[in-house]
$ cat final27.csv   # CSV, C-alpha atoms
chain,number,residue,atom,x,y,z
X,645,MET,CA,53.2,-34.5,91.6
X,646,GLY,CA,51.9,-31.0,92.1
X,647,TRP,CA,52.9,-30.0,88.6
X,648,TYR,CA,51.0,-33.0,87.1
X,649,ALA,CA,48.0,-32.2,89.2
X,650,ASP,CA,47.9,-28.6,88.0
X,651,ALA,CA,48.3,-29.7,84.4
X,652,GLY,CA,45.4,-32.2,84.8
X,653,LEU,CA,43.3,-29.5,86.3
X,654,ILE,CA,43.9,-27.2,83.4
X,655,LEU,CA,43.1,-29.8,80.9
X,656,ALA,CA,39.9,-30.7,82.7
X,657,LEU,CA,38.8,-27.1,82.8
X,658,GLY,CA,39.5,-26.6,79.1
X,659,PHE,CA,37.6,-29.7,78.0
X,660,GLY,CA,34.8,-28.7,80.2
X,661,GLY,CA,34.7,-25.2,78.7
X,662,TYR,CA,34.7,-26.8,75.2
X,663,LEU,CA,31.7,-29.0,76.1
X,664,LEU,CA,29.9,-26.0,77.5
X,665,LEU,CA,30.5,-23.9,74.4
X,666,GLN,CA,29.2,-26.8,72.2
X,667,LEU,CA,26.1,-27.0,74.3
X,668,LEU,CA,25.4,-23.3,74.3
X,669,ALA,CA,26.1,-22.7,70.6
X,670,PRO,CA,23.0,-22.1,68.3
X,671,GLN,CA,22.0,-25.1,66.3
X,672,PRO,CA,21.8,-24.6,62.4
X,673,GLN,CA,18.3,-24.7,60.9
X,674,ILE,CA,17.6,-27.4,58.5
X,675,SER,CA,15.4,-26.4,55.5
X,676,ASP,CA,14.2,-28.1,52.3
X,677,ALA,CA,16.1,-27.6,49.1
X,678,PRO,CA,14.8,-24.7,46.9
X,679,ASP,CA,12.4,-25.4,44.1
X,680,ARG,CA,14.4,-25.2,40.8
X,681,THR,CA,11.4,-25.5,38.5
X,682,PRO,CA,11.8,-22.7,36.0
X,683,PHE,CA,9.3,-19.9,35.6
X,684,VAL,CA,7.7,-19.2,32.2
X,685,GLU,CA,5.4,-16.5,30.8
X,686,VAL,CA,2.5,-17.7,28.7
X,687,ILE,CA,-0.4,-16.4,26.6
X,688,THR,CA,-3.6,-18.2,25.8
X,689,ALA,CA,-4.3,-19.1,22.2
X,690,LYS,CA,-7.5,-17.8,20.6
X,691,ILE,CA,-8.7,-19.9,17.7
X,692,GLU,CA,-10.1,-17.9,14.8
X,693,SER,CA,-11.8,-18.6,11.5
X,694,GLY,CA,-12.3,-16.5,8.4
X,695,PRO,CA,-10.0,-14.6,6.1
X,696,VAL,CA,-6.3,-14.2,6.9
X,697,ARG,CA,-5.4,-10.6,7.1
X,698,VAL,CA,-2.4,-9.7,4.8
X,699,LYS,CA,-0.8,-6.4,6.0
X,700,GLY,CA,1.4,-4.0,4.2
X,701,PHE,CA,2.3,-0.3,3.9
X,702,GLY,CA,2.4,2.2,1.1
X,703,VAL,CA,2.0,5.9,0.0
X,704,VAL,CA,-1.3,7.1,-1.3
X,705,ARG,CA,-1.1,8.1,-5.0
X,706,SER,CA,-3.7,9.4,-7.4
X,707,ARG,CA,-4.9,7.0,-10.0
X,708,ALA,CA,-3.9,9.6,-12.6
X,709,GLU,CA,-1.5,12.5,-12.3
X,710,ILE,CA,-0.5,14.6,-15.4
X,711,GLY,CA,1.3,17.7,-16.3
X,712,LEU,CA,-0.7,20.2,-18.5
X,713,ALA,CA,1.3,21.8,-21.3
X,714,ALA,CA,0.4,24.2,-24.2
X,715,GLN,CA,-0.1,22.4,-27.5
X,716,VAL,CA,-0.3,25.7,-29.4
X,717,SER,CA,1.5,29.0,-28.9
X,718,GLY,CA,-0.1,32.3,-28.0
X,719,GLN,CA,-1.0,34.7,-25.2
X,720,VAL,CA,-3.1,33.6,-22.3
X,721,VAL,CA,-6.3,35.6,-22.1
X,722,TYR,CA,-8.1,33.6,-19.3
X,723,VAL,CA,-7.1,31.5,-16.3
X,724,SER,CA,-9.8,29.8,-14.3
X,725,PRO,CA,-10.0,31.0,-10.7
X,726,ASP,CA,-10.0,27.3,-9.7
X,727,PHE,CA,-6.7,26.7,-11.5
X,728,LYS,CA,-4.5,27.3,-8.5
X,729,SER,CA,-2.8,24.9,-6.0
X,730,GLY,CA,-5.5,22.9,-4.2
X,731,GLY,CA,-8.3,24.1,-6.6
X,732,GLN,CA,-11.0,21.7,-7.6
X,733,PHE,CA,-12.5,21.2,-11.1
X,734,LYS,CA,-14.9,19.1,-13.0
X,735,LYS,CA,-14.2,17.1,-16.2
X,736,GLY,CA,-14.5,19.5,-19.2
X,737,ASP,CA,-14.0,22.7,-17.2
X,738,VAL,CA,-12.0,25.4,-19.0
X,739,LEU,CA,-8.7,25.9,-17.0
X,740,VAL,CA,-6.7,28.1,-19.4
X,741,GLN,CA,-7.7,30.0,-22.6
X,742,ILE,CA,-5.0,31.0,-25.2
X,743,ASP,CA,-6.0,33.8,-27.5
X,744,PRO,CA,-8.1,32.0,-30.1
X,745,ARG,CA,-8.4,34.7,-32.8
X,746,VAL,CA,-5.4,33.6,-34.8
X,747,TYR,CA,-6.6,30.1,-34.9
X,748,GLU,CA,-10.2,31.1,-35.7
X,749,ALA,CA,-8.8,33.1,-38.7
X,750,ASN,CA,-6.7,30.1,-39.8
X,751,LEU,CA,-9.8,27.9,-39.6
X,752,ILE,CA,-11.8,30.4,-41.7
X,753,GLN,CA,-9.1,30.5,-44.3
X,754,ALA,CA,-8.7,26.7,-44.4
X,755,GLU,CA,-12.4,26.3,-44.9
X,756,ALA,CA,-12.5,28.9,-47.7
X,757,ASN,CA,-9.6,27.1,-49.4
X,758,LYS,CA,-11.5,23.8,-49.0
X,759,GLU,CA,-14.6,25.3,-50.7
X,760,ALA,CA,-12.4,26.5,-53.6
X,761,GLY,CA,-11.0,23.1,-53.9
X,762,LYS,CA,-14.4,21.6,-54.0
X,763,ALA,CA,-15.3,23.8,-56.9
X,764,THR,CA,-12.1,22.9,-58.8
X,765,LEU,CA,-12.7,19.3,-58.2
X,766,ALA,CA,-16.4,19.5,-59.4
X,767,PHE,CA,-15.3,21.3,-62.6
X,768,ALA,CA,-12.6,18.6,-63.2
X,769,GLU,CA,-15.1,15.8,-62.7
X,770,SER,CA,-17.6,17.4,-65.1
X,771,GLN,CA,-14.8,17.8,-67.8
X,772,VAL,CA,-13.9,14.1,-67.5
X,773,ASN,CA,-17.6,13.0,-67.6
X,774,ARG,CA,-18.3,15.2,-70.7
X,775,ASN,CA,-15.3,13.9,-72.7
X,776,ARG,CA,-15.5,10.3,-71.7
X,777,ASP,CA,-18.1,9.3,-74.4
X,778,LEU,CA,-16.4,11.6,-77.0
X,779,ALA,CA,-13.1,9.9,-76.4
X,780,LYS,CA,-14.7,6.5,-76.9
X,781,GLN,CA,-16.2,7.6,-80.2
X,782,GLY,CA,-13.0,9.2,-81.4
X,783,PHE,CA,-14.3,12.8,-81.4
X,784,THR,CA,-11.7,13.8,-78.7
X,785,ALA,CA,-8.1,13.0,-78.8
X,786,ARG,CA,-7.1,10.3,-76.3
X,787,GLN,CA,-4.2,12.6,-75.0
X,788,ARG,CA,-6.7,15.3,-74.3
X,789,PHE,CA,-8.9,13.0,-72.3
X,790,ASP,CA,-6.0,11.7,-70.3
X,791,GLU,CA,-5.0,15.3,-69.4
X,792,LEU,CA,-8.5,15.9,-68.1
X,793,VAL,CA,-8.3,12.7,-65.9
X,794,SER,CA,-4.9,13.8,-64.6
X,795,ARG,CA,-6.3,17.3,-63.6
X,796,ARG,CA,-9.2,15.6,-61.9
X,797,ASP,CA,-6.9,13.4,-59.9
X,798,GLU,CA,-4.8,16.4,-58.9
X,799,ALA,CA,-7.9,18.2,-57.7
X,800,LYS,CA,-8.9,15.1,-55.6
X,801,ALA,CA,-5.4,15.0,-54.0
X,802,ASN,CA,-5.5,18.8,-53.4
X,803,MET,CA,-9.0,18.4,-51.8
X,804,ALA,CA,-7.7,15.8,-49.4
X,805,ARG,CA,-4.8,18.2,-48.4
X,806,LEU,CA,-7.3,21.0,-47.9
X,807,GLU,CA,-9.5,18.9,-45.7
X,808,ALA,CA,-6.5,17.9,-43.6
X,809,LEU,CA,-5.7,21.6,-43.2
X,810,VAL,CA,-9.2,22.3,-42.0
X,811,ASP,CA,-8.9,19.5,-39.5
X,812,GLN,CA,-5.6,20.8,-38.3
X,813,ALA,CA,-7.0,24.3,-38.0
X,814,LYS,CA,-9.9,23.0,-36.0
X,815,LEU,CA,-7.5,21.0,-33.7
X,816,ASP,CA,-5.4,24.1,-33.2
X,817,LEU,CA,-8.4,26.1,-32.2
X,818,GLU,CA,-9.5,23.3,-29.9
X,819,HIS,CA,-6.1,23.2,-28.3
X,820,ALA,CA,-6.2,26.9,-27.6
X,821,THR,CA,-8.8,26.1,-24.9
X,822,ILE,CA,-7.2,23.9,-22.2
X,823,THR,CA,-9.8,21.8,-20.5
X,824,ALA,CA,-9.8,19.3,-17.6
X,825,PRO,CA,-9.6,15.7,-18.9
X,826,PHE,CA,-11.1,14.4,-15.6
X,827,GLU,CA,-12.5,15.5,-12.3
X,828,GLY,CA,-9.7,16.4,-10.0
X,829,ARG,CA,-7.5,19.0,-8.2
X,830,VAL,CA,-4.6,21.2,-9.0
X,831,GLU,CA,-1.3,20.2,-7.5
X,832,SER,CA,0.6,23.2,-8.9
X,833,GLU,CA,0.2,25.9,-11.5
X,834,ASN,CA,2.6,28.2,-13.4
X,835,VAL,CA,0.6,30.5,-15.6
X,836,ASP,CA,-1.1,33.9,-15.4
X,837,GLU,CA,-3.2,36.0,-17.8
X,838,GLY,CA,-0.9,37.8,-20.3
X,839,THR,CA,1.7,35.0,-20.3
X,840,PHE,CA,2.9,34.0,-23.7
X,841,LEU,CA,3.1,30.3,-24.1
X,842,SER,CA,5.2,28.4,-26.6
X,843,VAL,CA,4.3,24.8,-27.7
X,844,GLY,CA,5.3,22.4,-24.9
X,845,THR,CA,5.4,25.0,-22.1
X,846,GLU,CA,4.1,23.3,-18.9
X,847,ILE,CA,1.4,25.3,-17.1
X,848,GLY,CA,0.7,23.0,-14.1
X,849,GLN,CA,0.2,19.6,-12.5
X,850,ILE,CA,-3.2,18.1,-11.8
X,851,PHE,CA,-4.4,14.8,-10.4
X,852,ALA,CA,-7.7,12.9,-10.5
X,853,THR,CA,-9.8,12.7,-7.3
X,854,ASP,CA,-12.3,10.0,-8.2
X,855,ALA,CA,-10.0,7.3,-6.9
X,856,VAL,CA,-6.6,6.8,-5.3
X,857,GLU,CA,-4.2,3.9,-5.2
X,858,VAL,CA,-1.6,2.4,-2.8
X,859,SER,CA,1.1,0.1,-4.2
X,860,VAL,CA,1.8,-2.4,-1.4
X,861,PRO,CA,5.0,-4.5,-1.7
X,862,LEU,CA,4.5,-8.0,-0.4
X,863,SER,CA,6.8,-11.1,-0.2
X,864,ASP,CA,5.7,-14.0,-2.4
X,865,ASP,CA,4.6,-15.9,0.8
X,866,GLU,CA,2.3,-13.0,1.7
X,867,ALA,CA,1.0,-12.5,-1.9
X,868,ALA,CA,0.2,-16.3,-2.1
X,869,LEU,CA,-2.4,-15.7,0.6
X,870,LEU,CA,-4.4,-13.5,-1.7
X,871,PRO,CA,-6.7,-15.6,-4.0
X,872,ASP,CA,-7.3,-14.8,-7.7
X,873,LEU,CA,-4.7,-12.0,-7.5
X,874,TRP,CA,-4.3,-11.9,-11.3
X,875,ASN,CA,-7.9,-12.3,-12.2
X,876,GLY,CA,-8.7,-8.7,-13.2
X,877,ALA,CA,-12.0,-9.6,-14.8
X,878,HIS,CA,-13.8,-9.6,-11.5
X,879,GLU,CA,-16.3,-6.8,-11.0
X,880,THR,CA,-15.6,-4.4,-8.1
X,881,SER,CA,-18.1,-6.1,-5.7
X,882,ARG,CA,-16.2,-9.4,-5.9
X,883,LYS,CA,-12.7,-8.0,-5.5
X,884,LEU,CA,-10.8,-8.7,-2.3
X,885,LYS,CA,-11.7,-6.2,0.4
X,886,ALA,CA,-9.0,-4.0,1.9
X,887,THR,CA,-8.9,-1.4,4.8
X,888,LEU,CA,-6.6,1.6,4.8
X,889,THR,CA,-5.5,3.3,8.0
X,890,ALA,CA,-3.7,6.6,8.1
X,891,SER,CA,-2.8,9.2,10.8
X,892,TYR,CA,-4.0,12.8,10.7
X,893,GLY,CA,-3.7,15.2,13.6
X,894,GLY,CA,-2.6,12.5,16.0
X,895,GLU,CA,-5.7,10.4,15.3
X,896,LEU,CA,-6.2,7.3,13.1
X,897,TYR,CA,-8.8,7.1,10.4
X,898,GLN,CA,-9.9,4.3,8.1
X,899,TRP,CA,-11.2,4.0,4.5
X,900,ASN,CA,-12.5,1.0,2.7
X,901,GLY,CA,-11.0,-0.2,-0.6
X,902,TYR,CA,-10.3,-3.3,-2.6
X,903,VAL,CA,-7.4,-5.1,-4.3
X,904,ASP,CA,-7.5,-3.8,-7.9
X,905,ARG,CA,-4.5,-5.6,-9.5
X,906,ALA,CA,-1.0,-7.0,-9.0
X,907,ALA,CA,2.2,-6.3,-10.8
X,908,ALA,CA,3.2,-8.7,-13.6
X,909,ASN,CA,6.7,-9.2,-12.2
X,910,ILE,CA,8.7,-9.5,-9.0
X,911,ASP,CA,11.0,-6.6,-8.2
X,912,THR,CA,14.5,-7.9,-8.8
X,913,GLY,CA,16.0,-5.5,-6.2
X,914,THR,CA,13.6,-6.1,-3.2
X,915,ARG,CA,12.2,-9.5,-4.3
X,916,THR,CA,8.7,-8.3,-3.6
X,917,LEU,CA,5.5,-8.2,-5.6
X,918,SER,CA,3.5,-5.0,-5.7
X,919,VAL,CA,-0.2,-5.3,-5.1
X,920,VAL,CA,-2.3,-2.2,-5.9
X,921,VAL,CA,-5.2,-1.3,-3.6
X,922,ARG,CA,-7.7,1.2,-4.8
X,923,VAL,CA,-10.1,3.4,-2.9
X,924,ASP,CA,-13.0,5.0,-4.8
X,925,ASN,CA,-14.3,8.4,-3.7
X,926,PRO,CA,-11.3,9.1,-1.4
X,927,PHE,CA,-12.5,12.6,-0.5
X,928,THR,CA,-15.2,10.9,1.6
X,929,PRO,CA,-14.2,11.7,5.3
X,930,GLY,CA,-12.4,8.8,7.0
X,931,THR,CA,-13.9,6.8,9.9
X,932,PRO,CA,-12.2,7.7,13.3
X,933,VAL,CA,-10.4,4.7,14.8
X,934,THR,CA,-8.6,6.2,17.9
X,935,ARG,CA,-8.6,9.4,19.8
X,936,PRO,CA,-5.5,10.9,21.6
X,937,SER,CA,-5.5,10.0,25.2
X,938,ASN,CA,-3.2,12.7,26.6
X,939,THR,CA,-4.1,16.0,25.0
X,940,GLY,CA,-7.8,15.5,24.4
X,941,ILE,CA,-7.5,17.4,21.2
X,942,SER,CA,-9.7,16.1,18.5
X,943,VAL,CA,-9.8,17.0,14.8
X,944,ALA,CA,-13.2,18.7,14.2
X,945,THR,CA,-13.7,17.4,10.6
X,946,PRO,CA,-12.3,13.9,9.6
X,947,PRO,CA,-10.0,14.3,6.7
X,948,PRO,CA,-10.2,12.8,3.2
X,949,LEU,CA,-7.6,10.2,2.1
X,950,LEU,CA,-5.0,12.7,0.9
X,951,VAL,CA,-2.5,12.0,-1.8
X,952,GLY,CA,0.9,11.5,-0.2
X,953,MET,CA,-0.4,10.0,3.1
X,954,TYR,CA,1.5,7.0,4.5
X,955,ALA,CA,-1.1,4.3,5.0
X,956,THR,CA,-1.3,0.9,6.6
X,957,VAL,CA,-3.2,-1.6,4.4
X,958,GLU,CA,-4.9,-4.8,5.5
X,959,MET,CA,-6.3,-7.1,2.8
X,960,GLU,CA,-8.6,-10.1,3.2
X,961,GLY,CA,-6.7,-13.2,2.3
X,962,LYS,CA,-7.7,-16.9,2.0
X,963,GLN,CA,-10.5,-18.3,4.2
X,964,LEU,CA,-9.3,-20.7,6.9
X,965,GLN,CA,-11.4,-22.8,9.1
X,966,ARG,CA,-9.2,-22.5,12.2
X,967,PHE,CA,-6.0,-20.6,12.9
X,968,ALA,CA,-4.3,-18.8,15.8
X,969,VAL,CA,-2.3,-15.5,15.9
X,970,ILE,CA,0.5,-15.6,18.4
X,971,PRO,CA,3.4,-13.2,19.3
X,972,ARG,CA,6.5,-13.8,17.1
X,973,GLU,CA,8.6,-14.6,20.2
X,974,ALA,CA,6.4,-17.6,20.9
X,975,LEU,CA,7.6,-19.3,17.7
X,976,ARG,CA,10.6,-21.5,18.2
X,977,ASP,CA,13.0,-22.8,15.5
X,978,GLU,CA,10.6,-21.4,12.8
X,979,ASP,CA,8.1,-24.2,13.1
X,980,THR,CA,7.5,-25.1,16.8
X,981,VAL,CA,5.9,-23.7,19.9
X,982,TRP,CA,6.1,-24.7,23.6
X,983,LYS,CA,2.7,-25.3,25.1
X,984,VAL,CA,1.9,-26.0,28.8
X,985,ASP,CA,-0.8,-28.4,29.8
X,986,GLN,CA,-3.0,-28.4,32.9
X,987,THR,CA,-0.4,-30.2,34.9
X,988,ASN,CA,2.2,-27.5,34.1
X,989,THR,CA,4.1,-29.8,31.8
X,990,LEU,CA,5.8,-28.3,28.9
X,991,LYS,CA,5.3,-29.9,25.5
X,992,ILE,CA,7.2,-29.1,22.3
X,993,GLN,CA,4.6,-28.8,19.5
X,994,SER,CA,5.2,-28.6,15.7
X,995,VAL,CA,3.0,-26.0,13.8
X,996,ASP,CA,2.5,-24.8,10.3
X,997,VAL,CA,3.3,-21.1,9.9
X,998,ILE,CA,0.9,-19.4,7.5
X,999,GLN,CA,2.0,-15.8,7.9
X,1000,LYS,CA,4.6,-13.6,9.7
X,1001,ARG,CA,3.3,-10.1,10.1
X,1002,GLY,CA,5.3,-7.6,12.2
X,1003,ASN,CA,5.3,-8.9,15.7
X,1004,GLU,CA,2.7,-11.5,15.0
X,1005,VAL,CA,2.7,-15.0,13.5
X,1006,THR,CA,-0.3,-16.9,12.2
X,1007,ILE,CA,-0.1,-20.6,12.8
X,1008,VAL,CA,-2.2,-23.7,12.0
X,1009,SER,CA,-2.1,-26.9,14.1
X,1010,GLU,CA,-4.8,-29.4,15.1
X,1011,HIS,CA,-3.0,-29.7,18.4
X,1012,ILE,CA,-3.5,-26.0,19.3
X,1013,ALA,CA,-6.9,-25.7,20.8
X,1014,GLU,CA,-8.8,-22.8,22.3
X,1015,ASP,CA,-7.1,-21.3,25.4
X,1016,THR,CA,-4.0,-23.5,24.9
X,1017,ARG,CA,-1.2,-21.9,27.0
X,1018,ILE,CA,1.8,-21.1,24.9
X,1019,VAL,CA,5.1,-20.0,26.3
X,1020,THR,CA,6.4,-16.6,25.2
X,1021,SER,CA,9.5,-16.3,27.5
X,1022,ALA,CA,13.0,-17.9,26.9
X,1023,LEU,CA,14.5,-20.8,28.7
X,1024,ALA,CA,18.2,-21.8,28.9
X,1025,VAL,CA,17.4,-25.5,28.5
X,1026,VAL,CA,14.1,-27.0,27.3
X,1027,VAL,CA,13.2,-30.7,27.6
X,1028,ASP,CA,9.9,-32.1,26.3
X,1029,GLY,CA,7.8,-33.1,29.3
X,1030,MET,CA,9.7,-30.9,31.8
X,1031,LYS,CA,7.8,-29.2,34.6
X,1032,VAL,CA,7.4,-25.4,34.7
X,1033,ARG,CA,5.8,-22.8,36.8
X,1034,ILE,CA,3.6,-20.1,35.3
X,1035,LEU,CA,5.0,-16.6,36.1
X,1036,ASP,CA,2.5,-14.0,37.2
X,1037,ARG,CA,4.4,-10.8,37.5
X,1038,THR,CA,1.5,-9.0,39.3
X,1039,ALA,CA,1.0,-11.8,41.9
X,1040,ASP,CA,4.6,-12.9,42.3
X,1041,PRO,CA,6.9,-10.0,41.6
X,1042,GLN,CA,9.8,-11.8,43.4
X,1043,ALA,CA,9.7,-14.5,40.7
X,1044,VAL,CA,10.7,-12.1,38.0
X,1045,SER,CA,14.4,-12.6,38.7
X,1046,HIS,CA,14.0,-16.3,38.2
X,1047,ALA,CA,12.4,-15.8,34.8
X,1048,ASP,CA,15.0,-13.4,33.4
X,1049,LEU,CA,17.1,-16.0,31.6
X,1050,PRO,CA,19.3,-15.7,28.5
X,1051,ALA,CA,17.5,-15.2,25.2
X,1052,ARG,CA,19.0,-18.3,23.6
X,1053,SER,CA,17.5,-21.6,24.4
X,1054,LEU,CA,18.7,-25.2,24.1
X,1055,THR,CA,15.9,-27.6,23.2
X,1056,ARG,CA,16.0,-31.3,24.0
$ encode --input "final27.csv" --output "structure tokens"
Amino acid sequence: MGWYADAGLILALGFGGYLLLQLLAPQPQISDAPDRTPFVEVITAKIESGPVRVKGFGVVRSRAEIGLAAQVSGQVVYVSPDFKSGGQFKKGDVLVQIDPRVYEANLIQAEANKEAGKATLAFAESQVNRNRDLAKQGFTARQRFDELVSRRDEAKANMARLEALVDQAKLDLEHATITAPFEGRVESENVDEGTFLSVGTEIGQIFATDAVEVSVPLSDDEAALLPDLWNGAHETSRKLKATLTASYGGELYQWNGYVDRAAANIDTGTRTLSVVVRVDNPFTPGTPVTRPSNTGISVATPPPLLVGMYATVEMEGKQLQRFAVIPREALRDEDTVWKVDQTNTLKIQSVDVIQKRGNEVTIVSEHIAEDTRIVTSALAVVVDGMKVRILDRTADPQAVSHADLPARSLTR
């Protein structure tokens, strides 16, 4: 009996200890389930009206660039002090003079021969005129008259040859003086006084400075946004306006131009159409756009639009009543966007894409109004009508981890 009593006492003490531990143990806290509504980043749409901006890039080229070469041989007796790399000249300025004395002498001789030919022709004409009536009356043999006519015709032919020699001598003398065919600058030169030039020897490269051009390759979709692209009959004031932006010394400068013409064919290699933008008076200093923020260094004199610069070109395209420009990442499946209404409900909206330009897309839709919130971040699963939360990275930095989801999205 004693052993049963001890066992019962031990069981009682163990059960009592278990109850005591249960009573003293901390109770688990009950909390609500976490909010699984996904976070999204949004931008607000800004509705615009006016011309669509068509953007491209290209290298500035002169409207005319030629190599100068000697057309006659001879020794160089004069080189213009402006005929050096970077030198400026006006149309008609003498750049290089080849010794003209030989060509002056040739011209004098050709003119003298011409005068002699005139006298020979005049005598032959008088002989024919004097014997014409005599031949009709039979006082002069017909053979004699025919010989006189033949001599006259030979004199006429010789006169034509002599006149051609005079013209050639004049042309050679003119070519001995190499003049500027247009206003421009010297790109390179390769001649000095005393140099003997042969026909065809290149003496330098020059380019025109009255206008420069930029050939901008565009896709056919982009080119279609430029109205009347092949109507070259328009005067300059009615041509499509364009703005060129180029960097110089760490700063950006702009020049105004216009669309001058388009290529007649599409490049078979790149499948692009080249549109030529022209800027008149390119040596007018550019208009500053930005200043460097770090160094504080500023170019004292704004530069001209130099040949060889790499320029960004923006052209005025078709006029639209209303359109919006959004980031490229906001476009889904090439023709839809996700918009968020005032109740934070996501809606999948179809849009018409007018233009893709770099990181921007121009869209048109009657369902995109001013200040419409458009989602720019990615979601793993998207359902039309689902609830979302707007992510504000500055106000709710802890929410960033909830928004960093895979780039690929599944739309339902």
$ atom_distance --input "final27.csv" --atom1 "atom CA of X:Ser693" --atom2 "atom CA of X:Met959"
15.4 Å
$ closest_residue --input "final27.csv" --among "X:Gly913, X:Gly901, X:Pro670, X:Gly844" --to "X:Val957" --atoms "all atoms listed in the file"
X:Gly901
$ closest_residue --input "final27.csv" --among "X:Glu958, X:Glu833, X:Asp816, X:Asp790" --to "X:Gln771" --atoms "only C-alpha atoms"
X:Asp790
$ atom_distance --input "final27.csv" --atom1 "atom CA of X:Leu1035" --atom2 "atom CA of X:Thr987"
14.7 Å
$ closest_residue --input "final27.csv" --among "X:Val740, X:Val835, X:Leu869, X:Val746" --to "X:Gly961" --atoms "all atoms listed in the file"
X:Leu869
$ residues_around --input "final27.csv" --residues "stretch 810-813 of chain X" --least-positions-apart "5" --cutoff "6 Å" --atoms "all atoms listed in the file" --output "tab-separated table (two decimals) with C-alpha atoms, in the frame of the given file"
chain	number	residue	atom	x	y	z
X	751	LEU	CA	-9.80	27.90	-39.60
X	754	ALA	CA	-8.70	26.70	-44.40
X	755	GLU	CA	-12.40	26.30	-44.90
$ residues_around --input "final27.csv" --residues "X:Ile998" --least-positions-apart "5" --cutoff "7 Å" --atoms "all atoms listed in the file" --output "NGL selection string"
:X and (1006-1008)
$ atom_distance --input "final27.csv" --atom1 "atom CA of X:Gly700" --atom2 "atom CA of X:Lys1000"
11.5 Å
$ residues_near_point --input "final27.csv" --point "(-9.6, 6.6, 4.5)" --cutoff "9 Å" --atoms "all atoms listed in the file" --output "ChimeraX atom specification"
/X:887-890,897-901,923,926-931,947-950,955
$ closest_residue --input "final27.csv" --among "X:Ala1024, X:Val843, X:Val984, X:Ala799" --to "X:Gln719" --atoms "all atoms listed in the file"
X:Val843
$ residues_near_point --input "final27.csv" --point "(-6.3, 20.9, -19.0)" --cutoff "7 Å" --atoms "all atoms listed in the file" --output "ChimeraX atom specification"
/X:712,739,822-825
$ residues_around --input "final27.csv" --residues "X:His819" --least-positions-apart "5" --cutoff "10 Å" --atoms "all atoms listed in the file" --output "ChimeraX atom specification"
/X:714-717,741-742,744,747,813-814
$ write_last_selection --input "final27.csv" --atoms "C-alpha atoms" --output "mmCIF file, keeping the file's coordinate frame"
data_model
loop_
_atom_site.group_PDB
_atom_site.id
_atom_site.type_symbol
_atom_site.label_atom_id
_atom_site.label_comp_id
_atom_site.auth_asym_id
_atom_site.auth_seq_id
_atom_site.Cartn_x
_atom_site.Cartn_y
_atom_site.Cartn_z
ATOM 1 C CA ALA X 714 0.400 24.200 -24.200
ATOM 2 C CA GLN X 715 -0.100 22.400 -27.500
ATOM 3 C CA VAL X 716 -0.300 25.700 -29.400
ATOM 4 C CA SER X 717 1.500 29.000 -28.900
ATOM 5 C CA GLN X 741 -7.700 30.000 -22.600
ATOM 6 C CA ILE X 742 -5.000 31.000 -25.200
ATOM 7 C CA PRO X 744 -8.100 32.000 -30.100
ATOM 8 C CA TYR X 747 -6.600 30.100 -34.900
ATOM 9 C CA ALA X 813 -7.000 24.300 -38.000
ATOM 10 C CA LYS X 814 -9.900 23.000 -36.000
#
$ decode --input "final27.csv" --residues "stretch 963-973 of chain X" --atoms "N, CA and C atoms" --output "PDB file, in the first residue's frame"
ATOM      1  N   GLN X 963       0.923  67.555 -86.604  1.00  0.00           N
ATOM      2  CA  GLN X 963       0.196  68.208 -85.519  1.00  0.00           C
ATOM      3  C   GLN X 963      -0.855  67.242 -84.961  1.00  0.00           C
ATOM      4  N   LEU X 964      -0.859  67.066 -83.646  1.00  0.00           N
ATOM      5  CA  LEU X 964      -1.850  66.224 -82.975  1.00  0.00           C
ATOM      6  C   LEU X 964      -2.597  67.052 -81.943  1.00  0.00           C
ATOM      7  N   GLN X 965      -3.893  66.765 -81.797  1.00  0.00           N
ATOM      8  CA  GLN X 965      -4.713  67.507 -80.844  1.00  0.00           C
ATOM      9  C   GLN X 965      -4.390  67.134 -79.400  1.00  0.00           C
ATOM     10  N   ARG X 966      -4.155  65.850 -79.150  1.00  0.00           N
ATOM     11  CA  ARG X 966      -3.827  65.412 -77.788  1.00  0.00           C
ATOM     12  C   ARG X 966      -2.997  64.133 -77.845  1.00  0.00           C
ATOM     13  N   PHE X 967      -1.925  64.126 -77.093  1.00  0.00           N
ATOM     14  CA  PHE X 967      -1.085  62.938 -76.979  1.00  0.00           C
ATOM     15  C   PHE X 967      -0.326  63.008 -75.662  1.00  0.00           C
ATOM     16  N   ALA X 968       0.241  61.894 -75.262  1.00  0.00           N
ATOM     17  CA  ALA X 968       1.002  61.826 -74.022  1.00  0.00           C
ATOM     18  C   ALA X 968       2.335  61.140 -74.303  1.00  0.00           C
ATOM     19  N   VAL X 969       3.368  61.602 -73.627  1.00  0.00           N
ATOM     20  CA  VAL X 969       4.692  61.003 -73.730  1.00  0.00           C
ATOM     21  C   VAL X 969       4.984  60.303 -72.408  1.00  0.00           C
ATOM     22  N   ILE X 970       5.213  58.986 -72.456  1.00  0.00           N
ATOM     23  CA  ILE X 970       5.421  58.187 -71.251  1.00  0.00           C
ATOM     24  C   ILE X 970       6.746  57.446 -71.363  1.00  0.00           C
ATOM     25  N   PRO X 971       7.295  56.982 -70.222  1.00  0.00           N
ATOM     26  CA  PRO X 971       8.513  56.165 -70.286  1.00  0.00           C
ATOM     27  C   PRO X 971       8.255  54.860 -71.033  1.00  0.00           C
ATOM     28  N   ARG X 972       9.280  54.344 -71.689  1.00  0.00           N
ATOM     29  CA  ARG X 972       9.124  53.117 -72.462  1.00  0.00           C
ATOM     30  C   ARG X 972       8.707  51.946 -71.577  1.00  0.00           C
ATOM     31  N   GLU X 973       9.183  51.926 -70.309  1.00  0.00           N
ATOM     32  CA  GLU X 973       8.842  50.799 -69.440  1.00  0.00           C
ATOM     33  C   GLU X 973       7.368  50.796 -69.046  1.00  0.00           C
TER      34      GLU X 973
END
